[in-house]
Amino acid sequence: MSTTFQLDTATSRANPTPAPMKRLTIPAIRQRKKDGVTEEPVVMLTAYTARQAQLLDAHCDLLLVGDSLGQVIYGLPSSVPVTLDMMAAHGAAVVRGSYHAAVVVDMPFGSYEASPEQAFTNASRLLKDTGCAAVKLEGGEAMAQTVTFLSQRGIPVMGHIGLTPQAVNVLGGYNARGRSEAEAAKIVGDARALADAGAFAIVIEGVVEPIAIEITRAVACPTIGIGASAQCDGQVLVTEDMLGMFERVPRFVKIYENIAGVISGAAAQYAEEVRARTFPGIEQTYQPRSPK
């Protein structure tokens, strides 16, 4: 038995609830791919809060606490300013709000690039502070030594290649990668290096489809596409994008619901009722608990 936390939606409080932990494990995710084939694709979405994790958890194999929270939650221009403290706080909330999916936390820009030792210090902090199962870092062959260093010391690592948002200043934008032969060869080489270094899975972002397919066939670990190919071993999206929370989303995103419209409509109705003094009073809405 272990203790997890369930959010009481009646009070919005996270209450400790003894329950058997039935989370998917990182080895179980890695073993989805056998002899180069993944019969059951890996489902991953981003999550940043406990309540969001609760709603997504039953449907996902992996919940990613992405550094995309910089733009989505904090309104920052990119993920570059995101701090380790931000990732730790949101990672802990997502772990508290979930019990089934394995939780992966992004390592923010500047927290792992200097050396494998720096990466271990900060990755171990994320595991301790959040209870997550693994970390994700961006970069290919240049990060292979760090991936090995972390993996050999008990920290599972998910790689991230292709369009790497933390390197937006070097890449010059968010355009699809792998269009030239030289860039395509580098991305494939990056994937092989990460897989050989011990990455349990690799995110392939914003890569032209033939390259994503080639990588998926070339590496033993599962690949997770985002704007890459449906033939990857799994898929991930930023949850707010697929729920229609923003007017502009990447071209590859399928919008499954217009949540922004729902929220705006509800707020408009509320405002109208308040201004017209037709908003129900507490006597009409408050339901006291029955005495015990």
# chains A, B, ... in the order shown; residues from 1 in each chain; ligands from 1

call {"tool": "select_by_dssp", "arguments": {"residues": "range 49-87 of chain A", "states": "helix (DSSP H, G or I)", "output": "PyMOL selection string"}}
result
chain A and resi 50-57+69-72+84-87

call {"tool": "write_last_selection", "arguments": {"atoms": "C-alpha atoms", "output": "tab-separated table (two decimals), in the first residue's frame"}}
result
chain	number	residue	atom	x	y	z
A	50	ALA	CA	-3.83	18.56	-10.05
A	51	ARG	CA	-7.38	18.89	-11.40
A	52	GLN	CA	-6.23	18.68	-15.01
A	53	ALA	CA	-4.26	15.55	-14.14
A	54	GLN	CA	-7.36	13.99	-12.59
A	55	LEU	CA	-9.36	14.51	-15.74
A	56	LEU	CA	-6.68	13.19	-18.09
A	57	ASP	CA	-5.20	10.40	-15.98
A	69	LEU	CA	3.62	25.79	-19.14
A	70	GLY	CA	5.73	28.90	-19.65
A	71	GLN	CA	3.46	29.98	-22.50
A	72	VAL	CA	0.27	28.17	-21.47
A	84	LEU	CA	13.27	24.59	-12.02
A	85	ASP	CA	11.02	25.87	-9.23
A	86	MET	CA	8.12	26.19	-11.68
A	87	MET	CA	8.61	22.66	-12.96

call {"tool": "residues_around", "arguments": {"residues": "Glu205 in chain A", "least_positions_apart": "5", "cutoff": "6 Å", "atoms": "only C-alpha atoms", "output": "MDAnalysis selection string"}}
result
chainID A and resid 162:163 226:228

call {"tool": "atom_distance", "arguments": {"atom1": "CA of Asp35 in chain A", "atom2": "CA of Val188 in chain A"}}
result
18.9 Å

call {"tool": "closest_residue", "arguments": {"among": "A:Val147, A:Ala142, A:Cys221, A:Ala212", "to": "Ile29 in chain A", "atoms": "only C-alpha atoms"}}
result
A:Cys221

call {"tool": "residues_around", "arguments": {"residues": "Pro81 in chain A", "least_positions_apart": "5", "cutoff": "9 Å", "atoms": "only C-alpha atoms", "output": "PyMOL selection string"}}
result
chain A and resi 70+76+108-109

call {"tool": "residues_around", "arguments": {"residues": "Gly234 in chain A", "least_positions_apart": "2", "cutoff": "8 Å", "atoms": "only C-alpha atoms", "output": "list in words"}}
result
Pro41, Val42, Val43, Met44, Pro222, Thr223, Ile224, Gly225, Ala230, Cys232 and Val236 of chain A

call {"tool": "write_last_selection", "arguments": {"atoms": "N, CA, C and O atoms", "output": "tab-separated table (two decimals), in the first residue's frame"}}
result
chain	number	residue	atom	x	y	z
A	41	PRO	N	-0.26	1.88	-29.17
A	41	PRO	CA	0.44	3.17	-29.15
A	41	PRO	C	0.39	3.84	-27.78
A	41	PRO	O	-0.56	3.67	-27.01
A	42	VAL	N	1.43	4.60	-27.48
A	42	VAL	CA	1.55	5.30	-26.21
A	42	VAL	C	0.78	6.62	-26.29
A	42	VAL	O	1.00	7.42	-27.19
A	43	VAL	N	-0.12	6.83	-25.33
A	43	VAL	CA	-0.93	8.05	-25.28
A	43	VAL	C	-0.35	8.99	-24.24
A	43	VAL	O	-0.23	8.64	-23.07
A	44	MET	N	0.00	10.21	-24.68
A	44	MET	CA	0.58	11.19	-23.76
A	44	MET	C	-0.06	12.55	-24.00
A	44	MET	O	-0.26	12.95	-25.15
A	222	PRO	N	10.39	3.36	-27.84
A	222	PRO	CA	9.22	3.99	-28.47
A	222	PRO	C	9.50	5.44	-28.85
A	222	PRO	O	10.22	6.16	-28.16
A	223	THR	N	8.93	5.84	-29.99
A	223	THR	CA	8.96	7.24	-30.40
A	223	THR	C	7.58	7.84	-30.17
A	223	THR	O	6.57	7.18	-30.37
A	224	ILE	N	7.56	9.10	-29.76
A	224	ILE	CA	6.29	9.78	-29.49
A	224	ILE	C	6.26	11.04	-30.36
A	224	ILE	O	7.08	11.95	-30.19
A	225	GLY	N	5.32	11.07	-31.28
A	225	GLY	CA	5.28	12.16	-32.24
A	225	GLY	C	4.46	13.34	-31.77
A	225	GLY	O	3.49	13.19	-31.03
A	230	ALA	N	1.83	9.90	-37.79
A	230	ALA	CA	0.92	8.99	-37.09
A	230	ALA	C	1.55	7.61	-36.94
A	230	ALA	O	1.04	6.78	-36.17
A	232	CYS	N	4.46	7.06	-35.66
A	232	CYS	CA	5.28	6.97	-34.44
A	232	CYS	C	4.62	6.01	-33.46
A	232	CYS	O	3.45	5.65	-33.61
A	236	VAL	N	1.77	12.89	-28.56
A	236	VAL	CA	1.57	13.84	-27.47
A	236	VAL	C	1.08	15.15	-28.07
A	236	VAL	O	1.46	15.51	-29.19

call {"tool": "closest_residue", "arguments": {"among": "A:Arg179, A:Arg23, A:Arg32, A:Arg153", "to": "Tyr99 in chain A", "atoms": "only C-alpha atoms"}}
result
A:Arg23
